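Reproduced below: final22.cif, with mmCIF, C-alpha atoms.
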```
data_run
loop_
_atom_site.group_PDB
_atom_site.id
_atom_site.type_symbol
_atom_site.label_atom_id
_atom_site.label_comp_id
_atom_site.auth_asym_id
_atom_site.auth_seq_id
_atom_site.Cartn_x
_atom_site.Cartn_y
_atom_site.Cartn_z
ATOM 1 C CA MET P 875 -3.830 -2.585 -18.350
ATOM 2 C CA ALA P 876 -0.308 -1.613 -17.353
ATOM 3 C CA LEU P 877 -1.351 1.902 -16.323
ATOM 4 C CA GLU P 878 -3.318 0.668 -13.334
ATOM 5 C CA TRP P 879 -0.286 -1.241 -12.067
ATOM 6 C CA VAL P 880 1.880 1.859 -12.472
ATOM 7 C CA VAL P 881 -0.651 3.905 -10.483
ATOM 8 C CA LEU P 882 -0.734 1.264 -7.749
ATOM 9 C CA GLY P 883 3.064 1.130 -7.664
ATOM 10 C CA TYR P 884 3.341 4.908 -7.311
ATOM 11 C CA ALA P 885 0.714 4.926 -4.570
ATOM 12 C CA ALA P 886 2.535 2.181 -2.661
ATOM 13 C CA ALA P 887 5.836 4.054 -3.070
ATOM 14 C CA ALA P 888 4.266 7.296 -1.797
ATOM 15 C CA GLU P 889 2.879 5.445 1.222
ATOM 16 C CA ALA P 890 6.269 3.890 1.933
ATOM 17 C CA ILE P 891 8.033 7.260 1.698
ATOM 18 C CA MET P 892 5.520 8.840 4.081
ATOM 19 C CA VAL P 893 5.961 6.008 6.584
ATOM 20 C CA VAL P 894 9.748 6.378 6.445
ATOM 21 C CA LEU P 895 9.552 10.154 6.922
ATOM 22 C CA LEU P 896 7.090 9.842 9.806
ATOM 23 C CA THR P 897 9.217 7.303 11.649
ATOM 24 C CA MET P 898 12.633 8.825 10.951
ATOM 25 C CA PRO P 899 14.164 10.326 14.090
ATOM 26 C CA GLY P 900 15.388 13.904 14.080
ATOM 27 C CA LEU P 901 12.732 15.420 11.854
ATOM 28 C CA ASP P 902 10.704 17.055 14.608
ATOM 29 C CA GLY P 903 10.310 20.372 12.797
ATOM 30 C CA LEU P 904 9.166 18.691 9.615
ATOM 31 C CA ARG P 905 6.998 16.132 11.376
ATOM 32 C CA LYS P 906 4.165 18.525 12.266
ATOM 33 C CA GLY P 907 3.587 19.496 8.647
ATOM 34 C CA LEU P 908 4.095 15.944 7.468
ATOM 35 C CA VAL P 909 1.488 14.667 9.916
ATOM 36 C CA ALA P 910 -0.995 17.254 8.640
ATOM 37 C CA VAL P 911 -0.331 16.291 5.020
ATOM 38 C CA THR P 912 -0.541 12.580 5.803
ATOM 39 C CA ARG P 913 -3.808 12.941 7.714
ATOM 40 C CA ASN P 914 -5.290 14.812 4.748
ATOM 41 C CA LEU P 915 -4.086 12.128 2.328
ATOM 42 C CA LEU P 916 -5.376 9.133 4.290
ATOM 43 C CA LYS P 917 -8.934 9.457 2.977
ATOM 44 C CA PRO P 918 -7.961 9.715 -0.712
ATOM 45 C CA PHE P 919 -5.511 6.841 -0.230
ATOM 46 C CA LEU P 920 -8.372 4.747 1.132
ATOM 47 C CA SER P 921 -9.500 4.371 -2.479
ATOM 48 C CA ILE P 922 -6.550 2.010 -2.868
ATOM 49 C CA VAL P 923 -8.441 -0.704 -0.978
ATOM 50 C CA PRO P 924 -11.317 -1.175 -3.489
ATOM 51 C CA PHE P 925 -8.859 -0.611 -6.351
ATOM 52 C CA CYS P 926 -6.693 -3.452 -5.022
ATOM 53 C CA LEU P 927 -9.737 -5.686 -4.633
ATOM 54 C CA PHE P 928 -10.693 -4.970 -8.251
ATOM 55 C CA LEU P 929 -7.172 -5.810 -9.429
ATOM 56 C CA LEU P 930 -7.158 -8.959 -7.324
ATOM 57 C CA MET P 931 -10.421 -10.046 -8.945
ATOM 58 C CA ASP P 932 -8.829 -9.324 -12.331
ATOM 59 C CA ILE P 933 -5.884 -11.581 -11.482
ATOM 60 C CA TYR P 934 -8.261 -14.308 -10.319
ATOM 61 C CA TRP P 935 -10.333 -14.040 -13.502
ATOM 62 C CA LYS P 936 -7.226 -14.258 -15.679
ATOM 63 C CA TYR P 937 -6.058 -17.283 -13.715
ATOM 64 C CA GLU P 938 -9.409 -19.063 -14.019
ATOM 65 C CA THR P 939 -9.807 -18.424 -17.751
ATOM 66 C CA MET P 940 -6.181 -19.163 -18.624
ATOM 67 C CA PRO P 941 -5.801 -22.252 -20.819
ATOM 68 C CA SER P 942 -3.898 -24.970 -19.020
ATOM 69 C CA CYS P 943 -0.568 -26.041 -20.372
ATOM 70 C CA ASP P 944 0.090 -29.465 -18.898
ATOM 71 C CA GLY P 945 2.486 -32.043 -20.209
ATOM 72 C CA ASP P 946 3.041 -32.310 -23.975
ATOM 73 C CA SER P 947 -0.189 -30.515 -24.920
ATOM 74 C CA CYS P 948 1.526 -27.224 -25.785
ATOM 75 C CA THR P 949 4.579 -25.977 -27.614
ATOM 76 C CA PRO P 950 7.620 -24.575 -25.796
ATOM 77 C CA SER P 951 6.637 -21.015 -26.729
ATOM 78 C CA GLU P 952 3.135 -21.508 -25.301
ATOM 79 C CA HIS P 953 4.639 -23.014 -22.173
ATOM 80 C CA LEU P 954 6.991 -20.024 -21.819
ATOM 81 C CA ARG P 955 4.096 -17.584 -22.317
ATOM 82 C CA HIS P 956 2.091 -19.445 -19.647
ATOM 83 C CA GLN P 957 5.010 -19.225 -17.199
ATOM 84 C CA LYS P 958 5.485 -15.494 -17.899
ATOM 85 C CA SER P 959 1.810 -14.870 -17.310
ATOM 86 C CA MET P 960 1.955 -16.721 -13.984
ATOM 87 C CA MET P 961 5.040 -14.729 -12.909
ATOM 88 C CA LYS P 962 3.329 -11.431 -13.787
ATOM 89 C CA SER P 963 0.261 -12.449 -11.802
ATOM 90 C CA GLN P 964 2.390 -13.306 -8.786
ATOM 91 C CA ARG P 965 4.281 -10.007 -9.060
ATOM 92 C CA ASN P 966 1.032 -8.074 -9.295
ATOM 93 C CA ALA P 967 -0.425 -9.913 -6.301
ATOM 94 C CA LEU P 968 2.691 -8.995 -4.334
ATOM 95 C CA LEU P 969 2.254 -5.343 -5.365
ATOM 96 C CA ILE P 970 -1.372 -5.434 -4.190
ATOM 97 C CA ALA P 971 -0.323 -6.889 -0.835
ATOM 98 C CA ALA P 972 2.431 -4.278 -0.450
ATOM 99 C CA ALA P 973 0.053 -1.394 -1.205
ATOM 100 C CA LEU P 974 -2.499 -2.633 1.324
ATOM 101 C CA VAL P 975 0.112 -3.282 4.017
ATOM 102 C CA PHE P 976 1.735 0.118 3.496
ATOM 103 C CA TYR P 977 -1.655 1.817 3.766
ATOM 104 C CA TRP P 978 -2.382 0.009 7.030
ATOM 105 C CA ILE P 979 1.077 0.859 8.418
ATOM 106 C CA LEU P 980 0.737 4.503 7.333
ATOM 107 C CA TYR P 981 -2.667 4.749 9.012
ATOM 108 C CA SER P 982 -1.402 3.154 12.242
ATOM 109 C CA VAL P 983 1.790 5.218 12.397
ATOM 110 C CA THR P 984 -0.101 8.459 11.730
ATOM 111 C CA ILE P 985 -2.567 7.718 14.532
ATOM 112 C CA LEU P 986 0.296 6.897 16.917
ATOM 113 C CA VAL P 987 2.231 10.052 16.039
ATOM 114 C CA VAL P 988 -0.877 12.181 16.609
ATOM 115 C CA LYS P 989 -1.460 10.522 19.997
ATOM 116 C CA ILE P 990 2.182 11.080 20.981
ATOM 117 C CA GLU P 991 1.894 14.768 20.060
ATOM 118 C CA GLN P 992 -1.285 15.085 22.123
ATOM 119 C CA LEU P 993 0.363 13.418 25.103
ATOM 120 C CA ASN P 994 3.395 15.694 24.805
ATOM 121 C CA GLN P 995 1.098 18.723 24.785
ATOM 122 C CA ARG P 996 -0.663 17.440 27.914
ATOM 123 C CA ILE P 997 2.682 16.956 29.651
ATOM 124 C CA GLU P 998 3.718 20.510 28.755
ATOM 125 C CA ARG P 999 0.413 21.894 30.074
ATOM 126 C CA LEU P 1000 0.812 19.970 33.327
ATOM 127 C CA LYS P 1001 4.404 21.200 33.713
ATOM 128 C CA ASN P 1002 3.292 24.785 33.103
ATOM 129 C CA LYS P 1003 0.481 24.406 35.620
ATOM 130 C CA ASP P 1004 2.898 23.473 38.418
#
```
Would you write the structure of this file as structure tokens?
Amino acid sequence: MALEWVVLGYAAAAEAIMVVLLTMPGLDGLRKGLVAVTRNLLKPFLSIVPFCLFLLMDIYWKYETMPSCDGDSCTPSEHLRHQKSMMKSQRNALLIAAALVFYWILYSVTILVVKIEQLNQRIERLKNKD
């Protein structure tokens, strides 16, 4: 089960790196190629959305079927295991949220950068026309 979390973590990290590179000033020469690569990767990265929903359902199922450990009904080791499981679930939910937010930001930034490039090309054409 840990492999799917590693894959999601790498995907979220790749999205974050692409967002940083797209928004970093001074990379105009690199930006054109980066925009092309990012636009081509947006569709495969869209598979993160159903993957995150599946993982979220997995977390919910584990939470619902987890035995409760209230009061004096369990030993200290069981109580510690219950707390560790809850912390892992919270960490994984945070990773899911980060992956989805980074995908949305990457999509929005890519669209804005493409629109800015189109507007700059229109300005250049209008300047050349005059």
The PyMOL selection byres ((chain P and resi 893-900) around 10) on the file shown: which residues, as a CSV table (one decimal) with C-alpha atoms, keeping the file's coordinate frame?
```csv
chain,number,residue,atom,x,y,z
P,887,ALA,CA,5.8,4.1,-3.1
P,888,ALA,CA,4.3,7.3,-1.8
P,889,GLU,CA,2.9,5.4,1.2
P,890,ALA,CA,6.3,3.9,1.9
P,891,ILE,CA,8.0,7.3,1.7
P,892,MET,CA,5.5,8.8,4.1
P,901,LEU,CA,12.7,15.4,11.9
P,902,ASP,CA,10.7,17.1,14.6
P,903,GLY,CA,10.3,20.4,12.8
P,904,LEU,CA,9.2,18.7,9.6
P,905,ARG,CA,7.0,16.1,11.4
P,906,LYS,CA,4.2,18.5,12.3
P,908,LEU,CA,4.1,15.9,7.5
P,909,VAL,CA,1.5,14.7,9.9
P,912,THR,CA,-0.5,12.6,5.8
P,976,PHE,CA,1.7,0.1,3.5
P,977,TYR,CA,-1.7,1.8,3.8
P,979,ILE,CA,1.1,0.9,8.4
P,980,LEU,CA,0.7,4.5,7.3
P,981,TYR,CA,-2.7,4.7,9.0
P,982,SER,CA,-1.4,3.2,12.2
P,983,VAL,CA,1.8,5.2,12.4
P,984,THR,CA,-0.1,8.5,11.7
P,987,VAL,CA,2.2,10.1,16.0
```
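Atom pair CA of Arg965 in chain P / CA of Val923 in chain P: separated by 17.7 Å.
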Q) When you draw a straight line from CA of Arg913 in chain P to CA of Val988 in chain P, how long is it in Å? A) 9.4 Å
Q.
What's around range 956-963 of chain P at 10 Å? Count all atoms listed in the file, leave out sequence neighbours fewer than 2 positions away in its own chain, and write the answer as a count of residues only.
A. 21
Q) Hey, what's within 9 Å of Cys926 in chain P if we count all atoms listed in the file and toss same-chain stuff fewer than 3 positions away? As a count of residues only, please? A) 11
Q | Interatomic distance (Å, one decimal) between CA of Asn914 in chain P and CA of Arg999 in chain P | A | 26.9 Å
If you take every atom of range 916-924 of chain P that the file lists and fit an axis-aligned box around them with 4 Å extra on each side, what centre and edge lengths come out in Å to one decimal, as lines of an AutoDock Vina configuration file?
```
center_x = -8.3
center_y = 4.3
center_z = 0.4
size_x = 13.9
size_y = 18.9
size_z = 15.8
```
With all heavy atoms retained, output range 970-986 of chain P as a CSV table (one decimal), in the first residue's frame.
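Listed below is the output, part29.csv:
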```csv
chain,number,residue,atom,x,y,z
P,970,ILE,N,-3.1,14.0,-0.3
P,970,ILE,CA,-4.2,14.0,-1.4
P,970,ILE,C,-4.6,15.4,-1.7
P,970,ILE,O,-4.7,15.8,-2.9
P,970,ILE,CB,-5.4,13.1,-0.9
P,970,ILE,CG1,-5.0,11.6,-0.9
P,970,ILE,CG2,-6.6,13.4,-1.8
P,970,ILE,CD1,-6.1,10.8,-0.3
P,971,ALA,N,-4.9,16.2,-0.6
P,971,ALA,CA,-5.3,17.6,-0.8
P,971,ALA,C,-4.2,18.4,-1.6
P,971,ALA,O,-4.5,19.2,-2.5
P,971,ALA,CB,-5.6,18.2,0.5
P,972,ALA,N,-2.9,18.1,-1.2
P,972,ALA,CA,-1.8,18.9,-1.9
P,972,ALA,C,-1.7,18.5,-3.3
P,972,ALA,O,-1.5,19.4,-4.2
P,972,ALA,CB,-0.5,18.6,-1.1
P,973,ALA,N,-1.9,17.2,-3.7
P,973,ALA,CA,-1.8,16.8,-5.1
P,973,ALA,C,-2.9,17.4,-5.9
P,973,ALA,O,-2.7,17.9,-7.0
P,973,ALA,CB,-1.8,15.3,-5.1
P,974,LEU,N,-4.1,17.4,-5.3
P,974,LEU,CA,-5.2,18.0,-6.1
P,974,LEU,C,-5.1,19.5,-6.2
P,974,LEU,O,-5.3,20.1,-7.3
P,974,LEU,CB,-6.5,17.7,-5.4
P,974,LEU,CG,-7.0,16.2,-5.4
P,974,LEU,CD1,-8.2,16.0,-4.6
P,974,LEU,CD2,-7.2,15.8,-6.9
P,975,VAL,N,-4.6,20.2,-5.2
P,975,VAL,CA,-4.4,21.7,-5.3
P,975,VAL,C,-3.3,22.0,-6.2
P,975,VAL,O,-3.4,22.9,-7.0
P,975,VAL,CB,-4.2,22.2,-3.9
P,975,VAL,CG1,-3.7,23.7,-3.9
P,975,VAL,CG2,-5.4,22.2,-3.0
P,976,PHE,N,-2.2,21.3,-6.2
P,976,PHE,CA,-1.1,21.5,-7.1
P,976,PHE,C,-1.6,21.3,-8.6
P,976,PHE,O,-1.1,22.0,-9.5
P,976,PHE,CB,0.1,20.7,-6.8
P,976,PHE,CG,1.0,21.3,-5.7
P,976,PHE,CD1,1.4,20.5,-4.7
P,976,PHE,CD2,1.3,22.6,-5.8
P,976,PHE,CE1,2.2,21.1,-3.7
P,976,PHE,CE2,2.1,23.2,-4.8
P,976,PHE,CZ,2.6,22.4,-3.7
P,977,TYR,N,-2.4,20.3,-8.8
P,977,TYR,CA,-2.9,20.0,-10.2
P,977,TYR,C,-3.7,21.2,-10.6
P,977,TYR,O,-3.5,21.7,-11.7
P,977,TYR,CB,-3.7,18.7,-10.3
P,977,TYR,CG,-4.2,18.5,-11.7
P,977,TYR,CD1,-3.3,18.0,-12.7
P,977,TYR,CD2,-5.4,18.9,-12.1
P,977,TYR,CE1,-3.7,17.9,-14.0
P,977,TYR,CE2,-5.9,18.7,-13.4
P,977,TYR,CZ,-5.0,18.2,-14.3
P,977,TYR,OH,-5.4,18.1,-15.6
P,978,TRP,N,-4.6,21.7,-9.8
P,978,TRP,CA,-5.5,22.8,-10.1
P,978,TRP,C,-4.6,24.1,-10.4
P,978,TRP,O,-4.9,24.8,-11.4
P,978,TRP,CB,-6.5,23.0,-9.0
P,978,TRP,CG,-7.3,24.2,-9.3
P,978,TRP,CD1,-8.3,24.4,-10.2
P,978,TRP,CD2,-7.3,25.5,-8.6
P,978,TRP,NE1,-8.9,25.6,-10.1
P,978,TRP,CE2,-8.3,26.3,-9.1
P,978,TRP,CE3,-6.5,25.9,-7.5
P,978,TRP,CZ2,-8.5,27.6,-8.7
P,978,TRP,CZ3,-6.7,27.2,-7.1
P,978,TRP,CH2,-7.7,28.0,-7.6
P,979,ILE,N,-3.6,24.3,-9.5
P,979,ILE,CA,-2.8,25.5,-9.7
P,979,ILE,C,-2.0,25.4,-11.0
P,979,ILE,O,-1.8,26.3,-11.8
P,979,ILE,CB,-1.8,25.7,-8.5
P,979,ILE,CG1,-2.7,26.1,-7.3
P,979,ILE,CG2,-0.7,26.7,-8.8
P,979,ILE,CD1,-1.9,26.1,-6.0
P,980,LEU,N,-1.4,24.2,-11.3
P,980,LEU,CA,-0.6,24.0,-12.5
P,980,LEU,C,-1.5,24.2,-13.7
P,980,LEU,O,-1.1,24.8,-14.7
P,980,LEU,CB,-0.1,22.6,-12.5
P,980,LEU,CG,0.8,22.2,-13.7
P,980,LEU,CD1,2.0,23.1,-13.8
P,980,LEU,CD2,1.2,20.7,-13.7
P,981,TYR,N,-2.7,23.7,-13.7
P,981,TYR,CA,-3.6,23.9,-14.8
P,981,TYR,C,-3.9,25.4,-15.0
P,981,TYR,O,-3.8,25.9,-16.1
P,981,TYR,CB,-4.9,23.1,-14.6
P,981,TYR,CG,-6.0,23.3,-15.7
P,981,TYR,CD1,-5.9,22.6,-16.9
P,981,TYR,CD2,-7.0,24.2,-15.5
P,981,TYR,CE1,-6.8,22.8,-17.9
P,981,TYR,CE2,-8.0,24.4,-16.4
P,981,TYR,CZ,-7.9,23.7,-17.6
P,981,TYR,OH,-8.8,23.9,-18.6
P,982,SER,N,-4.3,26.1,-14.0
P,982,SER,CA,-4.6,27.5,-14.0
P,982,SER,C,-3.4,28.3,-14.5
P,982,SER,O,-3.5,29.2,-15.4
P,982,SER,CB,-5.1,28.0,-12.7
P,982,SER,OG,-6.2,27.3,-12.3
P,983,VAL,N,-2.2,28.1,-14.0
P,983,VAL,CA,-1.0,28.8,-14.3
P,983,VAL,C,-0.7,28.6,-15.8
P,983,VAL,O,-0.3,29.5,-16.5
P,983,VAL,CB,0.1,28.5,-13.4
P,983,VAL,CG1,1.5,29.0,-13.9
P,983,VAL,CG2,-0.1,29.1,-12.0
P,984,THR,N,-0.8,27.3,-16.2
P,984,THR,CA,-0.5,27.0,-17.6
P,984,THR,C,-1.4,27.8,-18.6
P,984,THR,O,-0.9,28.3,-19.6
P,984,THR,CB,-0.5,25.5,-17.9
P,984,THR,OG1,0.3,24.8,-16.9
P,984,THR,CG2,-0.1,25.1,-19.3
P,985,ILE,N,-2.7,27.8,-18.3
P,985,ILE,CA,-3.6,28.5,-19.1
P,985,ILE,C,-3.3,30.0,-19.1
P,985,ILE,O,-3.4,30.6,-20.2
P,985,ILE,CB,-5.1,28.2,-18.6
P,985,ILE,CG1,-5.4,26.7,-18.7
P,985,ILE,CG2,-6.1,29.1,-19.3
P,985,ILE,CD1,-5.4,26.2,-20.1
P,986,LEU,N,-3.0,30.5,-18.0
P,986,LEU,CA,-2.7,32.0,-17.9
P,986,LEU,C,-1.4,32.3,-18.7
P,986,LEU,O,-1.3,33.3,-19.4
P,986,LEU,CB,-2.5,32.4,-16.5
P,986,LEU,CG,-3.8,32.5,-15.7
P,986,LEU,CD1,-3.5,32.9,-14.2
P,986,LEU,CD2,-4.8,33.6,-16.3
```
